[in-house]
Amino acid sequence: MRRVQIIFLVATAAVAYGAYLAFTAPLDALQGEFTRMIYIHVPTLWLAFLAFGVTALGSIAYLITRKPRWDRLAASSAEIGVLFSVVGVFTGMVWGQAVWGQAWDWGDARLATTAVMIFVYLGYLALRHSIADPEVRAKRAAILGAIAVIQVPLVYFSVNLVRTLHQTQSIRPDGSTMPTEILVALLVNVGAFTLLYIALMMARMHVAVLEEIRIGATVVAGDAVAPPRLSDVKDV
Amino acid sequence: MSFTGQIREVARVDLVVERRTGDTFRIVLPFAIVTLIIFSLSLGGEVAILRTVGPAVFWAISVLFGMQLALRASALDSPTRRDLMLLLNLDPAARFLGRTLASSTIVLVFMAVLFATMVVLFDPSLPGGWFWPLLAAISLAAIGLAALSTLAGGVAAGTRNRSSLASLIVAPLAIPIVVGASQVLEAMERNSGILLWILLLITSDLALLVAGVGLSRPLEEASR
């Protein structure tokens, strides 16, 4: 637990430094103060992609090894991914209202596919809550977790496949379209949010272990009664 | 029995069950047509609006009802039946493909009849030479929906809220299929190419079929 606390402290310091850079970086001439939305919107959605990717990896690893820790990893990452994607969509809507004059546009492929991605993972979490048996839950959730990741590239490349209101990627393999100060502040924030994700993951996985212990320790009526075993029956 | 023979047999059994119960054409199709009528009434019966929204309403109802049809097939599986399949040494991949084949046939026929009904009720303006591209779109959408619903049906089998849970899983994942299929007619209206949308449908179908075959064994285990 001490390790989690240390990582939380480091993540908090990194997020604070990221916030400092966000408030001191130059503003876009047209967007003004709303430029700063980029420092929350981009890192949260990047983390959502990362989190759902980790869910898929955890799911595949569980299907191969059948070790519960992979299931815990997949489930924890999906929860955090949904949280970050909701924050990312909300900040995007605020930004869109200020810059495009509308918070939501159904003709925009990036917005629509992101909304769909959130619902896919809400379905994943709903599935987990519907099954009581941990082993059955882990197996079925792993199957869905491995399939659901197909949404991530669909969201990412939606802006390239269809002409939309949302801009295409600003950071590409051939360079960036942003000024260096903004790019540095953005990358620091991405790093800080990634540390926050790691800290949240460690804490959530620790809670998951405690939940399993608590459920395992819960006394259910009839638990004390065991069926007779053939080896116990003597002198028949 | 060979792998293809197993696929054929699973599909045949599912289609025979469907023919005997007749639920698709006795219950689901009339309900879908009533929904089309509700849509036309709720839109105020305005001919111009109905002609415009007709195809969109058709796709929305097709996907929601088609998904239910395909999910229904996996609901027929009792634990005893699953055990029997296991004892018969039926390949899980063949079972998945056979079920998908049967479900896609049922969904395809359902969608074709529903489309004809929509044309009669909404009188949409269809672009010239619409028949073959639309048939391709409906067929590919039916395969994708059937594969997705077979997977989701297995994942949600035996849960207390099975039907709503499986629908929640299928509906968002079916979006690429809905978009691809609905845009075929739209693209023809705009005189732009339909190849991109057909490719999207083929890619989605292939991805789902590969995922279904690859995950069929763990899905079989998880359903027990």
# chains A, B, ... in the order shown; residues from 1 in each chain; ligands from 1
>>> residues_around(residues="segment 194-205 of chain A", least_positions_apart="3", cutoff="7 Å", atoms="only C-alpha atoms", output="list in words")
Val4, Ile7, Phe8, Ala11, Leu47, Arg72, Leu73, Ser76, Ser77, Val190, Gly191, Ala208 and Val209 of chain A
>>> write_last_selection(atoms="C-alpha atoms", output="PDB file, in the first residue's frame")
ATOM      1  CA  VAL A   4       0.617   3.127  -4.049  1.00  0.00           C
ATOM      2  CA  ILE A   7       3.062   6.779  -6.748  1.00  0.00           C
ATOM      3  CA  PHE A   8      -0.009   8.883  -5.868  1.00  0.00           C
ATOM      4  CA  ALA A  11       1.427  11.635  -9.793  1.00  0.00           C
ATOM      5  CA  LEU A  47      -5.516   7.531 -21.179  1.00  0.00           C
ATOM      6  CA  ARG A  72      -8.415  -7.726 -11.972  1.00  0.00           C
ATOM      7  CA  LEU A  73      -6.108  -5.724 -14.247  1.00  0.00           C
ATOM      8  CA  SER A  76      -9.753  -2.036 -13.066  1.00  0.00           C
ATOM      9  CA  SER A  77      -8.457  -0.580 -16.309  1.00  0.00           C
ATOM     10  CA  VAL A 190       0.105  13.373 -20.907  1.00  0.00           C
ATOM     11  CA  GLY A 191       2.955  11.971 -18.796  1.00  0.00           C
ATOM     12  CA  ALA A 208     -10.315  -5.551  -5.925  1.00  0.00           C
ATOM     13  CA  VAL A 209      -8.170  -7.965  -3.874  1.00  0.00           C
TER      14      VAL A 209
END
>>> residues_around(residues="segment 49-55 of chain A", least_positions_apart="6", cutoff="10 Å", atoms="only C-alpha atoms", output="JSON, numbers by chain")
{"A": [43, 61, 70, 71, 72, 73, 74, 75, 76, 77, 78, 79, 80, 81, 82, 84, 85, 117, 121, 141, 142, 144, 145, 146, 148, 149, 150, 151, 152, 153, 155, 156, 194, 197, 198, 201]}
>>> residues_around(residues="Ser78 of chain B", least_positions_apart="3", cutoff="12 Å", atoms="only C-alpha atoms", output="ChimeraX atom specification")
/B:73-75,81-85,154,157-158,223-224
>>> write_last_selection(atoms="N, CA and C atoms", output="PDB file, in the first residue's frame")
ATOM      1  N   ALA B  73     -31.654 -17.211 -30.818  1.00  0.00           N
ATOM      2  CA  ALA B  73     -31.137 -18.540 -31.144  1.00  0.00           C
ATOM      3  C   ALA B  73     -30.251 -19.083 -30.021  1.00  0.00           C
ATOM      4  N   SER B  74     -29.399 -18.220 -29.470  1.00  0.00           N
ATOM      5  CA  SER B  74     -28.505 -18.715 -28.411  1.00  0.00           C
ATOM      6  C   SER B  74     -29.248 -18.906 -27.095  1.00  0.00           C
ATOM      7  N   ALA B  75     -30.445 -18.265 -26.970  1.00  0.00           N
ATOM      8  CA  ALA B  75     -31.232 -18.444 -25.747  1.00  0.00           C
ATOM      9  C   ALA B  75     -31.827 -19.843 -25.675  1.00  0.00           C
ATOM     10  N   ARG B  81     -28.325 -29.215 -23.297  1.00  0.00           N
ATOM     11  CA  ARG B  81     -28.022 -29.248 -24.724  1.00  0.00           C
ATOM     12  C   ARG B  81     -26.546 -28.952 -24.964  1.00  0.00           C
ATOM     13  N   ARG B  82     -26.015 -28.010 -24.171  1.00  0.00           N
ATOM     14  CA  ARG B  82     -24.589 -27.677 -24.323  1.00  0.00           C
ATOM     15  C   ARG B  82     -23.719 -28.876 -23.955  1.00  0.00           C
ATOM     16  N   ASP B  83     -24.124 -29.596 -22.879  1.00  0.00           N
ATOM     17  CA  ASP B  83     -23.371 -30.786 -22.471  1.00  0.00           C
ATOM     18  C   ASP B  83     -23.415 -31.861 -23.560  1.00  0.00           C
ATOM     19  N   LEU B  84     -24.587 -31.985 -24.176  1.00  0.00           N
ATOM     20  CA  LEU B  84     -24.751 -32.982 -25.233  1.00  0.00           C
ATOM     21  C   LEU B  84     -23.815 -32.668 -26.412  1.00  0.00           C
ATOM     22  N   MET B  85     -23.758 -31.390 -26.777  1.00  0.00           N
ATOM     23  CA  MET B  85     -22.872 -30.969 -27.883  1.00  0.00           C
ATOM     24  C   MET B  85     -21.418 -31.293 -27.547  1.00  0.00           C
ATOM     25  N   GLY B 154     -23.644 -15.837 -26.157  1.00  0.00           N
ATOM     26  CA  GLY B 154     -22.820 -16.763 -25.361  1.00  0.00           C
ATOM     27  C   GLY B 154     -22.257 -16.088 -24.129  1.00  0.00           C
ATOM     28  N   ALA B 157     -25.106 -15.535 -21.590  1.00  0.00           N
ATOM     29  CA  ALA B 157     -25.962 -16.697 -21.303  1.00  0.00           C
ATOM     30  C   ALA B 157     -26.081 -16.954 -19.800  1.00  0.00           C
ATOM     31  N   GLY B 158     -27.302 -17.204 -19.371  1.00  0.00           N
ATOM     32  CA  GLY B 158     -27.528 -17.602 -17.975  1.00  0.00           C
ATOM     33  C   GLY B 158     -27.545 -16.461 -16.977  1.00  0.00           C
ATOM     34  N   SER B 223     -19.768 -20.551 -21.184  1.00  0.00           N
ATOM     35  CA  SER B 223     -21.230 -20.715 -21.232  1.00  0.00           C
ATOM     36  C   SER B 223     -21.702 -21.859 -20.349  1.00  0.00           C
ATOM     37  N   ARG B 224     -20.789 -22.748 -19.963  1.00  0.00           N
ATOM     38  CA  ARG B 224     -21.193 -23.923 -19.169  1.00  0.00           C
ATOM     39  C   ARG B 224     -21.505 -23.573 -17.734  1.00  0.00           C
TER      40      ARG B 224
END
>>> interface_residues(of="chain A", to="chain B", cutoff="7 Å", atoms="only C-alpha atoms", output="compact mmCIF listing (two decimals) with C-alpha atoms, in the first residue's frame")
# COMPACT_ATOMS: atom_id res chain seq x y z
CA VAL A 116 -20.21 4.44 -28.75
CA PHE A 119 -21.26 2.44 -24.15
CA VAL A 120 -19.30 -0.64 -25.22
CA GLY A 123 -21.71 -2.97 -21.36
CA LEU A 127 -21.66 -7.83 -17.73
CA SER A 130 -24.39 -9.44 -13.69
CA ILE A 131 -22.36 -12.56 -12.94
CA VAL A 136 -17.42 -17.44 -15.00
CA LYS A 139 -13.97 -15.82 -18.55
CA ARG A 140 -16.92 -14.03 -20.12
CA ILE A 143 -14.00 -12.55 -24.16
CA ILE A 147 -13.43 -7.94 -28.70
>>> residues_around(residues="Phe131 of chain B", least_positions_apart="3", cutoff="12 Å", atoms="only C-alpha atoms", output="list of chain:residue names")
B:Ala112, B:Phe115, B:Ala116, B:Leu126, B:Pro127, B:Gly128, B:Leu134, B:Leu135, B:Ala136, B:Ala137, B:Ile138, B:Val184, B:Leu185, B:Met188
>>> write_last_selection(atoms="C-alpha atoms", output="short mmCIF file (atom, residue, chain, number, x, y, z; two decimals), in the first residue's frame")
data_model
loop_
_atom_site.label_atom_id
_atom_site.label_comp_id
_atom_site.auth_asym_id
_atom_site.auth_seq_id
_atom_site.Cartn_x
_atom_site.Cartn_y
_atom_site.Cartn_z
CA ALA B 112 -35.80 -8.15 -46.92
CA PHE B 115 -37.59 -3.34 -46.46
CA ALA B 116 -40.42 -4.21 -48.86
CA LEU B 126 -34.67 5.15 -54.11
CA PRO B 127 -31.70 5.86 -56.41
CA GLY B 128 -31.51 4.07 -59.76
CA LEU B 134 -28.86 -2.85 -51.17
CA LEU B 135 -28.96 -6.66 -51.28
CA ALA B 136 -25.19 -6.72 -50.67
CA ALA B 137 -25.56 -4.26 -47.78
CA ILE B 138 -28.42 -6.20 -46.18
CA VAL B 184 -24.74 2.46 -49.12
CA LEU B 185 -28.09 3.96 -50.24
CA MET B 188 -25.86 6.20 -54.18
#
>>> residues_around(residues="His166 of chain A", least_positions_apart="6", cutoff="9 Å", atoms="only C-alpha atoms", output="VMD selection string")
chain A and resid 96 108 to 111 159
>>> select_by_dssp(residues="segment 85-223 of chain B", states="helix (DSSP H, G or I)", output="ChimeraX atom specification")
/B:85-87,92-122,131-156,162-173,175-189,195-214,216-223
>>> write_last_selection(atoms="C-alpha atoms", output="compact mmCIF listing (two decimals), in the first residue's frame")
# COMPACT_ATOMS: atom_id res chain seq x y z
CA MET B 85 -22.87 -30.97 -27.88
CA LEU B 86 -19.72 -31.38 -25.80
CA LEU B 87 -20.18 -35.15 -25.57
CA PRO B 92 -16.94 -24.96 -30.86
CA ALA B 93 -15.81 -23.02 -33.95
CA ALA B 94 -18.18 -25.07 -36.14
CA ARG B 95 -20.95 -24.41 -33.64
CA PHE B 96 -20.30 -20.66 -33.76
CA LEU B 97 -20.17 -20.59 -37.56
CA GLY B 98 -23.25 -22.83 -37.94
CA ARG B 99 -25.27 -20.68 -35.57
CA THR B 100 -24.09 -17.51 -37.32
CA LEU B 101 -25.04 -19.00 -40.70
CA ALA B 102 -28.55 -19.89 -39.50
CA SER B 103 -29.09 -16.55 -37.75
CA SER B 104 -27.83 -14.53 -40.71
CA THR B 105 -30.24 -16.40 -43.03
CA ILE B 106 -33.17 -15.61 -40.72
CA VAL B 107 -32.11 -11.96 -40.27
CA LEU B 108 -31.58 -11.56 -44.04
CA VAL B 109 -35.10 -12.78 -44.85
CA PHE B 110 -36.52 -10.63 -42.02
CA MET B 111 -34.74 -7.52 -43.32
CA ALA B 112 -35.80 -8.15 -46.92
CA VAL B 113 -39.49 -8.43 -45.96
CA LEU B 114 -39.21 -5.39 -43.67
CA PHE B 115 -37.59 -3.34 -46.46
CA ALA B 116 -40.42 -4.21 -48.86
CA THR B 117 -42.95 -3.17 -46.18
CA MET B 118 -41.07 0.09 -45.58
CA VAL B 119 -41.15 0.87 -49.32
CA VAL B 120 -44.93 0.36 -49.36
CA LEU B 121 -45.57 2.40 -46.18
CA PHE B 122 -43.04 5.24 -46.59
CA PHE B 131 -31.35 -3.41 -55.82
CA TRP B 132 -27.97 -5.19 -55.94
CA PRO B 133 -26.04 -2.75 -53.72
CA LEU B 134 -28.86 -2.85 -51.17
CA LEU B 135 -28.96 -6.66 -51.28
CA ALA B 136 -25.19 -6.72 -50.67
CA ALA B 137 -25.56 -4.26 -47.78
CA ILE B 138 -28.42 -6.20 -46.18
CA SER B 139 -26.60 -9.53 -46.58
CA LEU B 140 -23.36 -8.21 -45.05
CA ALA B 141 -25.27 -6.47 -42.24
CA ALA B 142 -27.15 -9.72 -41.51
CA ILE B 143 -23.87 -11.70 -41.27
CA GLY B 144 -22.28 -9.10 -38.97
CA LEU B 145 -25.33 -8.85 -36.72
CA ALA B 146 -25.65 -12.62 -36.51
CA ALA B 147 -21.95 -13.09 -35.63
CA LEU B 148 -22.04 -10.33 -33.03
CA SER B 149 -25.28 -11.55 -31.48
CA THR B 150 -24.02 -15.15 -31.34
CA LEU B 151 -20.95 -13.94 -29.45
CA ALA B 152 -22.95 -11.69 -27.12
CA GLY B 153 -25.57 -14.42 -26.57
CA GLY B 154 -22.82 -16.76 -25.36
CA VAL B 155 -21.23 -14.11 -23.15
CA ALA B 156 -24.52 -13.14 -21.50
CA ARG B 162 -29.72 -11.73 -20.24
CA SER B 163 -31.76 -10.08 -22.99
CA SER B 164 -31.15 -6.46 -21.96
CA LEU B 165 -27.49 -7.12 -21.18
CA ALA B 166 -26.86 -8.83 -24.52
CA SER B 167 -28.60 -5.93 -26.29
CA LEU B 168 -26.40 -3.43 -24.46
CA ILE B 169 -23.34 -5.37 -25.61
CA VAL B 170 -24.48 -5.82 -29.22
CA ALA B 171 -25.99 -2.39 -29.99
CA PRO B 172 -22.86 -0.22 -29.62
CA LEU B 173 -20.60 -2.81 -31.24
CA ILE B 175 -22.57 0.69 -35.01
CA PRO B 176 -19.95 0.14 -37.78
CA ILE B 177 -22.38 -2.33 -39.38
CA VAL B 178 -25.30 0.11 -39.16
CA VAL B 179 -23.21 2.99 -40.51
CA GLY B 180 -21.79 0.89 -43.36
CA ALA B 181 -25.14 -0.55 -44.39
CA SER B 182 -27.16 2.66 -44.14
CA GLN B 183 -24.57 4.69 -46.03
CA VAL B 184 -24.74 2.46 -49.12
CA LEU B 185 -28.09 3.96 -50.24
CA GLU B 186 -27.04 7.43 -49.04
CA ALA B 187 -23.85 7.25 -51.12
CA MET B 188 -25.86 6.20 -54.18
CA GLU B 189 -28.19 9.19 -53.62
CA LEU B 195 -17.01 0.80 -52.14
CA LEU B 196 -15.80 2.38 -48.87
CA TRP B 197 -19.03 1.37 -47.09
CA ILE B 198 -19.05 -2.14 -48.53
CA LEU B 199 -15.41 -2.50 -47.43
CA LEU B 200 -16.35 -1.30 -43.92
CA LEU B 201 -19.07 -3.97 -43.79
CA ILE B 202 -16.75 -6.71 -45.07
CA THR B 203 -14.00 -5.68 -42.59
CA SER B 204 -16.46 -5.64 -39.67
CA ASP B 205 -17.87 -9.03 -40.65
CA LEU B 206 -14.43 -10.58 -41.07
CA ALA B 207 -13.23 -9.15 -37.74
CA LEU B 208 -16.29 -10.55 -35.96
CA LEU B 209 -16.06 -13.95 -37.64
CA VAL B 210 -12.34 -14.24 -36.85
CA ALA B 211 -12.97 -13.13 -33.24
CA GLY B 212 -15.87 -15.57 -32.96
CA VAL B 213 -13.86 -18.53 -34.28
CA GLY B 214 -10.80 -17.62 -32.19
CA SER B 216 -15.26 -20.02 -29.58
CA ARG B 217 -13.51 -22.43 -27.21
CA PRO B 218 -13.29 -20.05 -24.21
CA LEU B 219 -16.85 -18.95 -25.02
CA GLU B 220 -17.98 -22.58 -24.92
CA GLU B 221 -16.27 -23.05 -21.53
CA ALA B 222 -17.69 -19.80 -20.16
CA SER B 223 -21.23 -20.71 -21.23
>>> residues_around(residues="Leu187 of chain A", least_positions_apart="6", cutoff="12 Å", atoms="only C-alpha atoms", output="VMD selection string")
chain A and resid 14 to 15 17 to 19 21 to 22 38 to 40 42 to 43 46 171 176 178 180 to 181 193 to 194
>>> write_last_selection(atoms="C-alpha atoms", output="JSON list (two decimals), in the first residue's frame")
[["chain", "number", "residue", "atom", "x", "y", "z"],
["A", 14, "ALA", "CA", 3.36, 15.73, -11.88],
["A", 15, "VAL", "CA", -0.26, 16.82, -12.43],
["A", 17, "TYR", "CA", 3.49, 20.75, -12.63],
["A", 18, "GLY", "CA", 1.43, 19.97, -15.74],
["A", 19, "ALA", "CA", -1.24, 22.43, -14.55],
["A", 21, "LEU", "CA", 2.72, 24.58, -17.60],
["A", 22, "ALA", "CA", -0.87, 24.62, -18.89],
["A", 38, "ILE", "CA", -6.20, 20.75, -24.70],
["A", 39, "TYR", "CA", -4.20, 19.94, -21.54],
["A", 40, "ILE", "CA", -7.11, 17.97, -20.06],
["A", 42, "VAL", "CA", -6.11, 15.17, -24.98],
["A", 43, "PRO", "CA", -4.47, 13.44, -21.94],
["A", 46, "TRP", "CA", -5.20, 9.26, -24.55],
["A", 171, "ILE", "CA", 1.11, 14.97, -33.39],
["A", 176, "SER", "CA", 3.79, 18.25, -34.89],
["A", 178, "MET", "CA", 1.82, 22.86, -32.66],
["A", 180, "THR", "CA", 7.02, 23.86, -29.18],
["A", 181, "GLU", "CA", 5.83, 25.46, -25.86],
["A", 193, "PHE", "CA", -1.98, 11.80, -16.37],
["A", 194, "THR", "CA", -0.29, 8.50, -17.24]]
